[in-house]
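Asker: Please find upload05.txt (compact mmCIF, C-alpha atoms) on the next line:
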```txt
# COMPACT_ATOMS: atom_id res chain seq x y z
CA MET A 1 0.00 0.00 0.00
CA SER A 2 1.36 3.45 -0.89
CA ARG A 3 2.21 5.97 1.80
CA LYS A 4 -0.68 8.12 0.60
CA SER A 5 -3.19 5.24 0.92
CA LYS A 6 -1.88 4.46 4.39
CA GLY A 7 -2.33 8.10 5.33
CA ILE A 8 -5.92 8.09 4.07
CA ASN A 9 -6.61 4.85 5.95
CA ALA A 10 -5.38 6.44 9.16
CA GLU A 11 -7.60 9.49 8.54
CA ARG A 12 -10.59 7.20 7.97
CA GLU A 13 -9.87 5.31 11.16
CA LEU A 14 -9.94 8.55 13.14
CA LEU A 15 -13.09 9.63 11.32
CA HIS A 16 -14.86 6.40 12.37
CA LEU A 17 -13.67 6.88 15.94
CA LEU A 18 -15.16 10.37 16.05
CA TRP A 19 -18.55 9.31 14.62
CA LYS A 20 -18.64 6.41 17.08
CA ASN A 21 -18.20 8.89 19.91
CA GLY A 22 -21.00 11.23 18.92
CA TRP A 23 -19.15 13.65 16.65
CA ALA A 24 -19.97 14.44 13.04
CA CYS A 25 -16.73 14.30 11.08
CA ILE A 26 -15.78 14.80 7.43
CA ARG A 27 -12.62 14.24 5.41
CA VAL A 28 -11.59 17.26 3.38
CA ALA A 29 -11.45 16.69 -0.39
CA GLY A 30 -8.00 17.40 -1.85
CA SER A 31 -6.71 18.67 1.48
CA GLY A 32 -3.05 18.41 0.47
CA ALA A 33 -3.49 20.02 -2.95
CA SER A 34 -6.06 22.72 -2.28
CA ARG A 35 -5.21 26.34 -2.96
CA TYR A 36 -6.77 27.14 0.42
CA PRO A 37 -5.32 26.37 3.83
CA THR A 38 -7.23 23.25 4.87
CA PRO A 39 -6.82 20.46 7.42
CA ASP A 40 -7.41 16.73 6.81
CA LEU A 41 -10.49 16.32 9.03
CA VAL A 42 -13.12 18.64 10.46
CA ALA A 43 -15.34 17.43 13.30
CA GLY A 44 -18.11 19.04 15.34
CA ASN A 45 -20.37 18.09 18.25
CA LYS A 46 -22.55 21.22 18.69
CA ASN A 47 -20.18 22.72 21.26
CA ARG A 48 -16.77 22.42 19.67
CA VAL A 49 -15.24 22.21 16.21
CA LEU A 50 -11.95 20.37 15.74
CA ALA A 51 -9.70 20.89 12.70
CA ILE A 52 -7.24 17.99 12.56
CA GLU A 53 -4.08 17.48 10.54
CA CYS A 54 -3.22 13.76 10.59
CA LYS A 55 0.16 12.16 10.51
CA SER A 56 0.92 8.46 10.70
CA GLY A 57 3.82 6.17 9.99
CA LYS A 58 6.20 3.63 11.40
CA GLY A 59 9.25 5.73 12.21
CA PRO A 60 9.87 7.01 15.76
CA TYR A 61 9.75 10.59 14.46
CA GLN A 62 6.91 12.15 12.53
CA TYR A 63 7.70 15.37 10.72
CA LEU A 64 5.20 18.01 9.69
CA GLU A 65 6.09 20.78 7.30
CA GLN A 66 5.85 24.32 8.54
CA GLU A 67 3.28 25.04 5.82
CA GLU A 68 0.99 22.22 7.00
CA ILE A 69 0.90 23.71 10.48
CA GLU A 70 0.44 27.26 9.23
CA HIS A 71 -2.47 26.14 7.07
CA LEU A 72 -4.06 24.29 9.97
CA VAL A 73 -3.81 27.35 12.20
CA GLU A 74 -5.05 29.73 9.52
CA PHE A 75 -8.05 27.57 8.63
CA SER A 76 -8.95 27.20 12.28
CA LYS A 77 -8.79 30.94 12.89
CA ILE A 78 -11.12 31.77 9.99
CA PHE A 79 -13.53 28.87 10.55
CA GLY A 80 -13.64 29.13 14.31
CA ALA A 81 -12.16 25.71 15.09
CA GLU A 82 -9.57 24.27 17.45
CA PRO A 83 -6.38 23.30 15.59
CA TRP A 84 -5.05 19.83 16.45
CA ILE A 85 -2.35 17.58 15.07
CA GLY A 86 -3.28 13.90 15.34
CA VAL A 87 -0.33 11.50 15.25
CA ARG A 88 -0.48 7.74 15.05
CA PHE A 89 2.72 5.74 15.26
CA ASN A 90 2.34 2.15 14.03
CA ASN A 91 0.77 -0.12 16.69
CA GLU A 92 0.05 2.77 19.02
CA ASP A 93 -3.05 4.79 19.75
CA TRP A 94 -3.65 8.27 18.41
CA SER A 95 -2.13 11.18 20.28
CA PHE A 96 -3.04 14.81 19.80
CA TYR A 97 -1.04 18.00 19.99
CA SER A 98 -1.87 21.65 19.80
CA PRO A 99 0.43 23.48 17.33
CA LYS A 100 2.18 25.25 20.20
CA GLU A 101 3.21 21.93 21.75
CA LEU A 102 5.16 20.62 18.76
CA GLY A 103 8.93 20.35 18.75
CA THR A 104 10.69 22.10 15.89
CA THR A 105 13.65 21.38 13.67
CA LYS A 106 15.18 23.95 11.35
CA THR A 107 12.48 23.57 8.71
CA SER A 108 9.73 21.46 10.17
CA PHE A 109 7.83 20.35 13.25
CA VAL A 110 8.47 17.03 14.82
CA VAL A 111 6.63 14.62 17.09
CA THR A 112 8.48 11.72 18.70
CA LYS A 113 7.08 8.62 20.36
CA GLU A 114 8.12 10.17 23.65
CA SER A 115 6.22 13.42 23.09
CA LYS A 116 3.40 13.69 25.57
CA GLY A 117 0.21 14.23 23.60
CA LYS A 118 -3.41 13.94 24.64
CA ASN A 119 -5.08 10.62 24.01
CA PHE A 120 -8.38 10.42 22.11
CA LEU A 121 -10.64 10.57 25.15
CA ASP A 122 -8.75 13.55 26.59
CA LEU A 123 -9.16 15.30 23.26
CA ILE A 124 -12.91 14.83 23.00
CA ASN A 125 -13.59 15.45 26.67
CA GLU A 126 -11.58 18.66 26.78
CA THR A 127 -13.94 21.45 27.76
CA SER A 128 -11.72 24.48 27.31
CA LYS A 129 -12.31 26.46 24.16
CA ALA A 130 -9.35 28.72 24.72
CA PHE A 131 -7.96 28.70 21.18
CA MET B 1 -18.25 17.23 -19.20
CA SER B 2 -20.05 14.60 -17.12
CA ARG B 3 -22.89 15.54 -14.81
CA LYS B 4 -20.70 14.63 -11.87
CA SER B 5 -17.86 16.94 -13.01
CA LYS B 6 -20.34 19.75 -13.56
CA GLY B 7 -21.68 19.21 -10.07
CA ILE B 8 -18.17 19.35 -8.61
CA ASN B 9 -17.44 22.52 -10.61
CA ALA B 10 -20.53 24.16 -9.15
CA GLU B 11 -19.46 23.13 -5.63
CA ARG B 12 -16.00 24.60 -6.24
CA GLU B 13 -17.49 27.85 -7.49
CA LEU B 14 -19.49 28.20 -4.29
CA LEU B 15 -16.43 27.27 -2.23
CA HIS B 16 -14.43 30.10 -3.87
CA LEU B 17 -17.28 32.52 -3.26
CA LEU B 18 -17.31 31.67 0.44
CA TRP B 19 -13.52 32.04 0.88
CA LYS B 20 -13.68 35.35 -1.00
CA ASN B 21 -16.24 36.56 1.51
CA GLY B 22 -14.30 35.71 4.64
CA TRP B 23 -15.49 32.17 5.29
CA ALA B 24 -13.34 29.06 5.56
CA CYS B 25 -14.94 26.36 3.43
CA ILE B 26 -14.11 22.76 2.58
CA ARG B 27 -15.49 20.21 0.12
CA VAL B 28 -16.34 16.89 1.74
CA ALA B 29 -14.42 13.89 0.35
CA GLY B 30 -16.76 11.21 -1.05
CA SER B 31 -19.85 13.04 0.15
CA GLY B 32 -22.21 11.07 -2.09
CA ALA B 33 -20.73 7.67 -1.27
CA SER B 34 -19.89 7.98 2.40
CA ARG B 35 -21.46 5.62 4.91
CA TYR B 36 -22.12 8.66 7.09
CA PRO B 37 -24.69 11.39 6.48
CA THR B 38 -22.60 14.20 5.01
CA PRO B 39 -23.23 17.37 3.01
CA ASP B 40 -21.19 18.61 0.01
CA LEU B 41 -19.66 21.68 1.66
CA VAL B 42 -19.02 22.83 5.21
CA ALA B 43 -18.20 26.49 5.90
CA GLY B 44 -17.51 28.48 9.05
CA ASN B 45 -16.80 32.08 9.99
CA LYS B 46 -16.30 31.89 13.78
CA ASN B 47 -19.99 32.64 14.48
CA ARG B 48 -21.84 30.28 12.21
CA VAL B 49 -21.32 26.92 10.52
CA LEU B 50 -23.11 26.18 7.26
CA ALA B 51 -23.62 22.64 5.94
CA ILE B 52 -24.56 22.89 2.27
CA GLU B 53 -25.96 20.34 -0.15
CA CYS B 54 -25.42 21.63 -3.69
CA LYS B 55 -27.58 21.07 -6.73
CA SER B 56 -27.03 22.50 -10.17
CA GLY B 57 -28.27 21.88 -13.68
CA LYS B 58 -29.98 23.32 -16.68
CA GLY B 59 -33.57 22.13 -16.23
CA PRO B 60 -36.20 24.39 -14.63
CA TYR B 61 -36.70 21.84 -11.84
CA GLN B 62 -34.01 20.52 -9.57
CA TYR B 63 -34.84 17.39 -7.63
CA LEU B 64 -33.21 16.26 -4.41
CA GLU B 65 -33.70 12.81 -3.02
CA GLN B 66 -35.30 12.48 0.37
CA GLU B 67 -32.15 10.75 1.62
CA GLU B 68 -29.93 13.68 0.62
CA ILE B 69 -32.05 16.04 2.68
CA GLU B 70 -32.27 13.67 5.62
CA HIS B 71 -28.49 13.28 5.62
CA LEU B 72 -28.00 17.03 5.46
CA VAL B 73 -30.31 17.56 8.42
CA GLU B 74 -28.82 14.71 10.45
CA PHE B 75 -25.24 15.86 9.89
CA SER B 76 -26.16 19.42 10.82
CA LYS B 77 -27.84 18.32 14.03
CA ILE B 78 -24.84 16.32 15.24
CA PHE B 79 -22.18 18.80 14.08
CA GLY B 80 -24.03 21.91 15.19
CA ALA B 81 -24.44 23.47 11.74
CA GLU B 82 -27.19 25.21 9.78
CA PRO B 83 -28.52 22.96 7.01
CA TRP B 84 -28.85 24.67 3.62
CA ILE B 85 -29.59 23.53 0.10
CA GLY B 86 -27.73 25.61 -2.50
CA VAL B 87 -29.26 25.53 -5.98
CA ARG B 88 -27.77 26.96 -9.14
CA PHE B 89 -29.79 26.91 -12.35
CA ASN B 90 -27.69 27.49 -15.47
CA ASN B 91 -26.91 31.18 -16.02
CA GLU B 92 -28.44 32.21 -12.73
CA ASP B 93 -26.98 33.02 -9.35
CA TRP B 94 -27.03 30.66 -6.41
CA SER B 95 -30.15 30.53 -4.28
CA PHE B 96 -30.41 28.91 -0.88
CA TYR B 97 -33.18 27.08 0.90
CA SER B 98 -33.66 25.70 4.34
CA PRO B 99 -34.91 22.08 4.23
CA LYS B 100 -38.33 23.20 5.51
CA GLU B 101 -38.79 25.53 2.54
CA LEU B 102 -38.46 22.89 -0.18
CA GLY B 103 -41.41 21.72 -2.25
CA THR B 104 -42.04 17.99 -2.24
CA THR B 105 -43.10 15.41 -4.79
CA LYS B 106 -44.08 11.88 -3.85
CA THR B 107 -40.49 10.71 -3.47
CA SER B 108 -38.26 13.74 -3.59
CA PHE B 109 -37.85 17.42 -2.92
CA VAL B 110 -38.02 19.92 -5.70
CA VAL B 111 -36.82 23.47 -6.34
CA THR B 112 -38.11 25.41 -9.33
CA LYS B 113 -36.74 28.57 -10.91
CA GLU B 114 -39.70 30.37 -9.38
CA SER B 115 -39.02 29.18 -5.82
CA LYS B 116 -38.01 32.10 -3.67
CA GLY B 117 -34.67 31.27 -2.11
CA LYS B 118 -32.16 33.49 -0.36
CA ASN B 119 -29.38 34.90 -2.49
CA PHE B 120 -25.75 34.48 -1.48
CA LEU B 121 -25.46 37.75 0.42
CA ASP B 122 -28.68 37.11 2.33
CA LEU B 123 -27.33 33.70 3.28
CA ILE B 124 -24.02 34.93 4.64
CA ASN B 125 -25.47 38.01 6.30
CA GLU B 126 -28.22 36.10 8.08
CA THR B 127 -27.74 36.56 11.78
CA SER B 128 -30.31 34.16 13.18
CA LYS B 129 -28.96 30.88 14.46
CA ALA B 130 -32.40 29.42 15.02
CA PHE B 131 -31.81 25.98 13.55
```
Let's see the structure in the file written out as structure tokens.
Answerer:
Amino acid sequence: MSRKSKGINAERELLHLLWKNGWACIRVAGSGASRYPTPDLVAGNKNRVLAIECKSGKGPYQYLEQEEIEHLVEFSKIFGAEPWIGVRFNNEDWSFYSPKELGTTKTSFVVTKESKGKNFLDLINETSKAF
Amino acid sequence: MSRKSKGINAERELLHLLWKNGWACIRVAGSGASRYPTPDLVAGNKNRVLAIECKSGKGPYQYLEQEEIEHLVEFSKIFGAEPWIGVRFNNEDWSFYSPKELGTTKTSFVVTKESKGKNFLDLINETSKAF
């Protein structure tokens, strides 16, 4: 399976998880190629809207380009959503980071297996809307 | 151009119009084929979220299947969005209808050129959130 297909599968998995837990969630068409700043998933539950950029893979480090994060933040600001990065290392559960929590390299953002992200339940049970 | 491509072009046109007017808007991936009830477009501007099912074509009547409307309403209820049907007859501007305003036939909903819908500016300047 190509890296792109694996990425889409991971997005779908998170989409199912959100619907199962009472959220309405959609995958964004052409999210990587759009001329607008868009995330991979958008989810809502009447009280909150989550914009999620997804990253998955087998390596111990997951890198996100600066532009991906900027687009996520810009979309969220205009839409009125909370910006989240969802990371899924192979054989581990999803963990979620706010853009401010990401480590940085010279040109990109990085999440390691040791980074302390929120788990799925923490994410959806968060009540603060301070974004 | 196939009917499907034309439909996607119309959706994209409305998407551009929303971004141009200060909204963040995304097209839903696989909206027609998804196992979940999803609309074609979702747009937000910090205060409001619009879920929009799009319909376009050259005939004087545009039909929407009952299921399309039910899905739009169900998605909107769970997400916390306003459900809208956006209709674009060839060579005319977009007009927008709330599900309650649509005419019905035995098996589907219908919009005619004479139906009185909101125009684009009315839609985005609406302040009521009574959905």
Asker: Within 9 Å of chain B, which residues of chain A show up when using only C-alpha atoms, listed as JSON, numbers by chain?
Answerer: {"A": [19, 22, 23, 24, 25, 26, 27, 28, 29, 30, 31, 36, 37, 38, 42, 43, 44, 45, 46, 47, 48, 49, 75, 76, 77, 78, 79, 80, 81]}
Asker: For Val110 in chain A, find every residue with an atom within 9 Å (counting all atoms listed in the file), except residues of its own chain fewer than 5 positions away, and show them as a list in words.
Answerer: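 These residues fall inside the cut-off: Tyr61, Gln62, Tyr63, Leu64, Glu65, Leu102, Gly103, Thr104 and Thr105 of chain A.
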Asker: Please return the superposed copy of chain B as an mmCIF file with C-alpha atoms, in the frame of the given file; the fit should be least squares onto chain A across all sequentially paired Cα atoms.
Answerer:
```
data_model
loop_
_atom_site.group_PDB
_atom_site.id
_atom_site.type_symbol
_atom_site.label_atom_id
_atom_site.label_comp_id
_atom_site.auth_asym_id
_atom_site.auth_seq_id
_atom_site.Cartn_x
_atom_site.Cartn_y
_atom_site.Cartn_z
ATOM 1 C CA MET B 1 0.013 0.053 -0.024
ATOM 2 C CA SER B 2 1.337 3.507 -0.916
ATOM 3 C CA ARG B 3 2.187 6.030 1.768
ATOM 4 C CA LYS B 4 -0.703 8.153 0.581
ATOM 5 C CA SER B 5 -3.216 5.275 0.904
ATOM 6 C CA LYS B 6 -1.894 4.484 4.365
ATOM 7 C CA GLY B 7 -2.330 8.110 5.327
ATOM 8 C CA ILE B 8 -5.917 8.102 4.062
ATOM 9 C CA ASN B 9 -6.600 4.853 5.948
ATOM 10 C CA ALA B 10 -5.371 6.451 9.158
ATOM 11 C CA GLU B 11 -7.599 9.493 8.542
ATOM 12 C CA ARG B 12 -10.587 7.201 7.969
ATOM 13 C CA GLU B 13 -9.871 5.302 11.167
ATOM 14 C CA LEU B 14 -9.933 8.537 13.140
ATOM 15 C CA LEU B 15 -13.090 9.632 11.320
ATOM 16 C CA HIS B 16 -14.857 6.399 12.380
ATOM 17 C CA LEU B 17 -13.670 6.875 15.946
ATOM 18 C CA LEU B 18 -15.160 10.365 16.057
ATOM 19 C CA TRP B 19 -18.554 9.305 14.625
ATOM 20 C CA LYS B 20 -18.625 6.400 17.088
ATOM 21 C CA ASN B 21 -18.189 8.885 19.908
ATOM 22 C CA GLY B 22 -20.990 11.228 18.936
ATOM 23 C CA TRP B 23 -19.155 13.645 16.663
ATOM 24 C CA ALA B 24 -19.973 14.435 13.047
ATOM 25 C CA CYS B 25 -16.738 14.291 11.072
ATOM 26 C CA ILE B 26 -15.782 14.782 7.436
ATOM 27 C CA ARG B 27 -12.615 14.223 5.408
ATOM 28 C CA VAL B 28 -11.600 17.254 3.370
ATOM 29 C CA ALA B 29 -11.462 16.672 -0.406
ATOM 30 C CA GLY B 30 -7.993 17.388 -1.844
ATOM 31 C CA SER B 31 -6.701 18.687 1.469
ATOM 32 C CA GLY B 32 -3.045 18.405 0.456
ATOM 33 C CA ALA B 33 -3.493 20.006 -2.958
ATOM 34 C CA SER B 34 -6.060 22.697 -2.296
ATOM 35 C CA ARG B 35 -5.221 26.326 -2.977
ATOM 36 C CA TYR B 36 -6.773 27.134 0.395
ATOM 37 C CA PRO B 37 -5.323 26.355 3.819
ATOM 38 C CA THR B 38 -7.239 23.244 4.856
ATOM 39 C CA PRO B 39 -6.825 20.454 7.403
ATOM 40 C CA ASP B 40 -7.427 16.716 6.801
ATOM 41 C CA LEU B 41 -10.497 16.324 9.017
ATOM 42 C CA VAL B 42 -13.127 18.634 10.460
ATOM 43 C CA ALA B 43 -15.355 17.426 13.310
ATOM 44 C CA GLY B 44 -18.114 19.032 15.351
ATOM 45 C CA ASN B 45 -20.355 18.098 18.258
ATOM 46 C CA LYS B 46 -22.538 21.212 18.688
ATOM 47 C CA ASN B 47 -20.156 22.739 21.270
ATOM 48 C CA ARG B 48 -16.766 22.420 19.673
ATOM 49 C CA VAL B 49 -15.232 22.206 16.206
ATOM 50 C CA LEU B 50 -11.954 20.360 15.732
ATOM 51 C CA ALA B 51 -9.709 20.882 12.695
ATOM 52 C CA ILE B 52 -7.250 17.992 12.556
ATOM 53 C CA GLU B 53 -4.086 17.474 10.546
ATOM 54 C CA CYS B 54 -3.233 13.765 10.596
ATOM 55 C CA LYS B 55 0.176 12.155 10.503
ATOM 56 C CA SER B 56 0.925 8.469 10.688
ATOM 57 C CA GLY B 57 3.841 6.176 9.993
ATOM 58 C CA LYS B 58 6.194 3.621 11.382
ATOM 59 C CA GLY B 59 9.270 5.705 12.218
ATOM 60 C CA PRO B 60 9.852 7.010 15.760
ATOM 61 C CA TYR B 61 9.756 10.593 14.460
ATOM 62 C CA GLN B 62 6.927 12.151 12.537
ATOM 63 C CA TYR B 63 7.706 15.367 10.719
ATOM 64 C CA LEU B 64 5.205 18.007 9.680
ATOM 65 C CA GLU B 65 6.085 20.775 7.306
ATOM 66 C CA GLN B 66 5.837 24.318 8.551
ATOM 67 C CA GLU B 67 3.272 25.028 5.832
ATOM 68 C CA GLU B 68 0.982 22.221 7.012
ATOM 69 C CA ILE B 69 0.895 23.701 10.491
ATOM 70 C CA GLU B 70 0.440 27.242 9.241
ATOM 71 C CA HIS B 71 -2.477 26.128 7.074
ATOM 72 C CA LEU B 72 -4.056 24.275 9.973
ATOM 73 C CA VAL B 73 -3.812 27.338 12.195
ATOM 74 C CA GLU B 74 -5.042 29.731 9.508
ATOM 75 C CA PHE B 75 -8.043 27.574 8.617
ATOM 76 C CA SER B 76 -8.952 27.197 12.280
ATOM 77 C CA LYS B 77 -8.789 30.933 12.873
ATOM 78 C CA ILE B 78 -11.123 31.772 9.990
ATOM 79 C CA PHE B 79 -13.538 28.867 10.540
ATOM 80 C CA GLY B 80 -13.633 29.143 14.313
ATOM 81 C CA ALA B 81 -12.149 25.719 15.073
ATOM 82 C CA GLU B 82 -9.564 24.269 17.449
ATOM 83 C CA PRO B 83 -6.387 23.307 15.583
ATOM 84 C CA TRP B 84 -5.047 19.844 16.443
ATOM 85 C CA ILE B 85 -2.354 17.590 15.064
ATOM 86 C CA GLY B 86 -3.289 13.903 15.347
ATOM 87 C CA VAL B 87 -0.335 11.510 15.256
ATOM 88 C CA ARG B 88 -0.481 7.744 15.046
ATOM 89 C CA PHE B 89 2.726 5.732 15.279
ATOM 90 C CA ASN B 90 2.356 2.145 14.062
ATOM 91 C CA ASN B 91 0.753 -0.110 16.683
ATOM 92 C CA GLU B 92 0.039 2.762 19.022
ATOM 93 C CA ASP B 93 -3.055 4.792 19.742
ATOM 94 C CA TRP B 94 -3.651 8.271 18.417
ATOM 95 C CA SER B 95 -2.128 11.178 20.292
ATOM 96 C CA PHE B 96 -3.027 14.811 19.797
ATOM 97 C CA TYR B 97 -1.044 18.008 19.987
ATOM 98 C CA SER B 98 -1.866 21.650 19.810
ATOM 99 C CA PRO B 99 0.414 23.477 17.331
ATOM 100 C CA LYS B 100 2.172 25.249 20.222
ATOM 101 C CA GLU B 101 3.203 21.929 21.763
ATOM 102 C CA LEU B 102 5.149 20.611 18.771
ATOM 103 C CA GLY B 103 8.928 20.340 18.759
ATOM 104 C CA THR B 104 10.687 22.105 15.912
ATOM 105 C CA THR B 105 13.650 21.374 13.683
ATOM 106 C CA LYS B 106 15.171 23.961 11.381
ATOM 107 C CA THR B 107 12.485 23.555 8.730
ATOM 108 C CA SER B 108 9.726 21.447 10.183
ATOM 109 C CA PHE B 109 7.831 20.352 13.244
ATOM 110 C CA VAL B 110 8.479 17.024 14.829
ATOM 111 C CA VAL B 111 6.628 14.609 17.108
ATOM 112 C CA THR B 112 8.470 11.713 18.718
ATOM 113 C CA LYS B 113 7.071 8.607 20.377
ATOM 114 C CA GLU B 114 8.107 10.155 23.675
ATOM 115 C CA SER B 115 6.227 13.428 23.121
ATOM 116 C CA LYS B 116 3.384 13.696 25.574
ATOM 117 C CA GLY B 117 0.212 14.232 23.592
ATOM 118 C CA LYS B 118 -3.410 13.946 24.636
ATOM 119 C CA ASN B 119 -5.090 10.623 24.008
ATOM 120 C CA PHE B 120 -8.367 10.426 22.112
ATOM 121 C CA LEU B 121 -10.626 10.582 25.155
ATOM 122 C CA ASP B 122 -8.743 13.548 26.599
ATOM 123 C CA LEU B 123 -9.146 15.307 23.268
ATOM 124 C CA ILE B 124 -12.890 14.831 22.999
ATOM 125 C CA ASN B 125 -13.566 15.449 26.674
ATOM 126 C CA GLU B 126 -11.572 18.672 26.787
ATOM 127 C CA THR B 127 -13.913 21.448 27.757
ATOM 128 C CA SER B 128 -11.715 24.492 27.284
ATOM 129 C CA LYS B 129 -12.322 26.477 24.135
ATOM 130 C CA ALA B 130 -9.329 28.715 24.695
ATOM 131 C CA PHE B 131 -7.932 28.697 21.175
#
```
Asker: Write out as a list in words which residues come within 6 Å of range 111-128 of chain B when counting all atoms listed in the file, dropping same-chain ones fewer than 2 positions away.
Answerer: Pro60, Tyr61, Gln62, Ser95, Phe96, Tyr97 and Ala130 of chain B
Asker: Can I get the selected residues back with C-alpha atoms, as an mmCIF file, in the coordinates of the input?
Answerer:
```
data_model
loop_
_atom_site.group_PDB
_atom_site.id
_atom_site.type_symbol
_atom_site.label_atom_id
_atom_site.label_comp_id
_atom_site.auth_asym_id
_atom_site.auth_seq_id
_atom_site.Cartn_x
_atom_site.Cartn_y
_atom_site.Cartn_z
ATOM 1 C CA PRO B 60 -36.200 24.390 -14.630
ATOM 2 C CA TYR B 61 -36.700 21.840 -11.840
ATOM 3 C CA GLN B 62 -34.010 20.520 -9.570
ATOM 4 C CA SER B 95 -30.150 30.530 -4.280
ATOM 5 C CA PHE B 96 -30.410 28.910 -0.880
ATOM 6 C CA TYR B 97 -33.180 27.080 0.900
ATOM 7 C CA ALA B 130 -32.400 29.420 15.020
#
```
Asker: Expressed in Å to a single decimal, how great is the separation between CA of Pro83 in chain A and CA of Glu101 in chain A?
Answerer: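 Going from CA of Pro83 in chain A over to CA of Glu101 in chain A covers 11.5 Å.
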Asker: Hey, can you check how far CA of Lys20 in chain A sits from CA of Gln66 in chain B?
Answerer: 24.4 Å
Asker: By how many Å are CA of Leu72 in chain B and CA of Glu53 in chain A apart?
Answerer: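 One can read the CA of Leu72 in chain B to CA of Glu53 in chain A distance as 24.5 Å.
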Asker: Skip range 89-91 of chain A itself and residues of its chain fewer than 5 positions away, then list as a ChimeraX atom specification all residues within 6 Å of it, counting only C-alpha atoms.
Answerer: /A:56-58
Asker: Keeping C-alpha atoms, export the residues of the selection given above as a short mmCIF file (atom, residue, chain, number, x, y, z; two decimals), in the coordinates of the input.
Answerer:
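What follows is the written file again_32.cif:
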```
data_model
loop_
_atom_site.label_atom_id
_atom_site.label_comp_id
_atom_site.auth_asym_id
_atom_site.auth_seq_id
_atom_site.Cartn_x
_atom_site.Cartn_y
_atom_site.Cartn_z
CA SER A 56 0.92 8.46 10.70
CA GLY A 57 3.82 6.17 9.99
CA LYS A 58 6.20 3.63 11.40
#
```
Asker: Using all atoms listed in the file, find the one residue out of A:Ala33, A:Ala51, A:Val73, A:Ala10 that sits nearest to Glu92 in chain A.
Answerer: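 So, comparing all the options, the nearest one is A:Ala10.
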Asker: Could you rebuild range 10-22 of chain B with N, CA and C atoms and give it back as an mmCIF file, keeping the file's coordinate frame?
Answerer:
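As written to disk, result.cif reads:
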```
data_model
loop_
_atom_site.group_PDB
_atom_site.id
_atom_site.type_symbol
_atom_site.label_atom_id
_atom_site.label_comp_id
_atom_site.auth_asym_id
_atom_site.auth_seq_id
_atom_site.Cartn_x
_atom_site.Cartn_y
_atom_site.Cartn_z
ATOM 1 N N ALA B 10 -19.598 23.243 -9.830
ATOM 2 C CA ALA B 10 -20.530 24.160 -9.150
ATOM 3 C C ALA B 10 -20.169 24.267 -7.671
ATOM 4 N N GLU B 11 -19.874 23.121 -7.052
ATOM 5 C CA GLU B 11 -19.460 23.130 -5.630
ATOM 6 C C GLU B 11 -18.217 24.001 -5.436
ATOM 7 N N ARG B 12 -17.258 23.835 -6.355
ATOM 8 C CA ARG B 12 -16.000 24.600 -6.240
ATOM 9 C C ARG B 12 -16.254 26.093 -6.376
ATOM 10 N N GLU B 13 -17.155 26.441 -7.270
ATOM 11 C CA GLU B 13 -17.490 27.850 -7.490
ATOM 12 C C GLU B 13 -18.043 28.449 -6.196
ATOM 13 N N LEU B 14 -18.912 27.707 -5.541
ATOM 14 C CA LEU B 14 -19.490 28.200 -4.290
ATOM 15 C C LEU B 14 -18.433 28.258 -3.182
ATOM 16 N N LEU B 15 -17.540 27.277 -3.186
ATOM 17 C CA LEU B 15 -16.430 27.270 -2.230
ATOM 18 C C LEU B 15 -15.569 28.533 -2.390
ATOM 19 N N HIS B 16 -15.226 28.885 -3.637
ATOM 20 C CA HIS B 16 -14.430 30.100 -3.870
ATOM 21 C C HIS B 16 -15.159 31.337 -3.367
ATOM 22 N N LEU B 17 -16.449 31.380 -3.651
ATOM 23 C CA LEU B 17 -17.280 32.520 -3.260
ATOM 24 C C LEU B 17 -17.259 32.697 -1.737
ATOM 25 N N LEU B 18 -17.316 31.596 -1.023
ATOM 26 C CA LEU B 18 -17.310 31.670 0.440
ATOM 27 C C LEU B 18 -15.958 32.150 0.961
ATOM 28 N N TRP B 19 -14.852 31.575 0.451
ATOM 29 C CA TRP B 19 -13.520 32.040 0.880
ATOM 30 C C TRP B 19 -13.357 33.524 0.592
ATOM 31 N N LYS B 20 -13.814 33.949 -0.602
ATOM 32 C CA LYS B 20 -13.680 35.350 -1.000
ATOM 33 C C LYS B 20 -14.411 36.280 -0.038
ATOM 34 N N ASN B 21 -15.438 35.738 0.616
ATOM 35 C CA ASN B 21 -16.240 36.560 1.510
ATOM 36 C C ASN B 21 -15.934 36.321 2.987
ATOM 37 N N GLY B 22 -14.746 35.783 3.249
ATOM 38 C CA GLY B 22 -14.300 35.710 4.640
ATOM 39 C C GLY B 22 -14.677 34.446 5.384
#
```
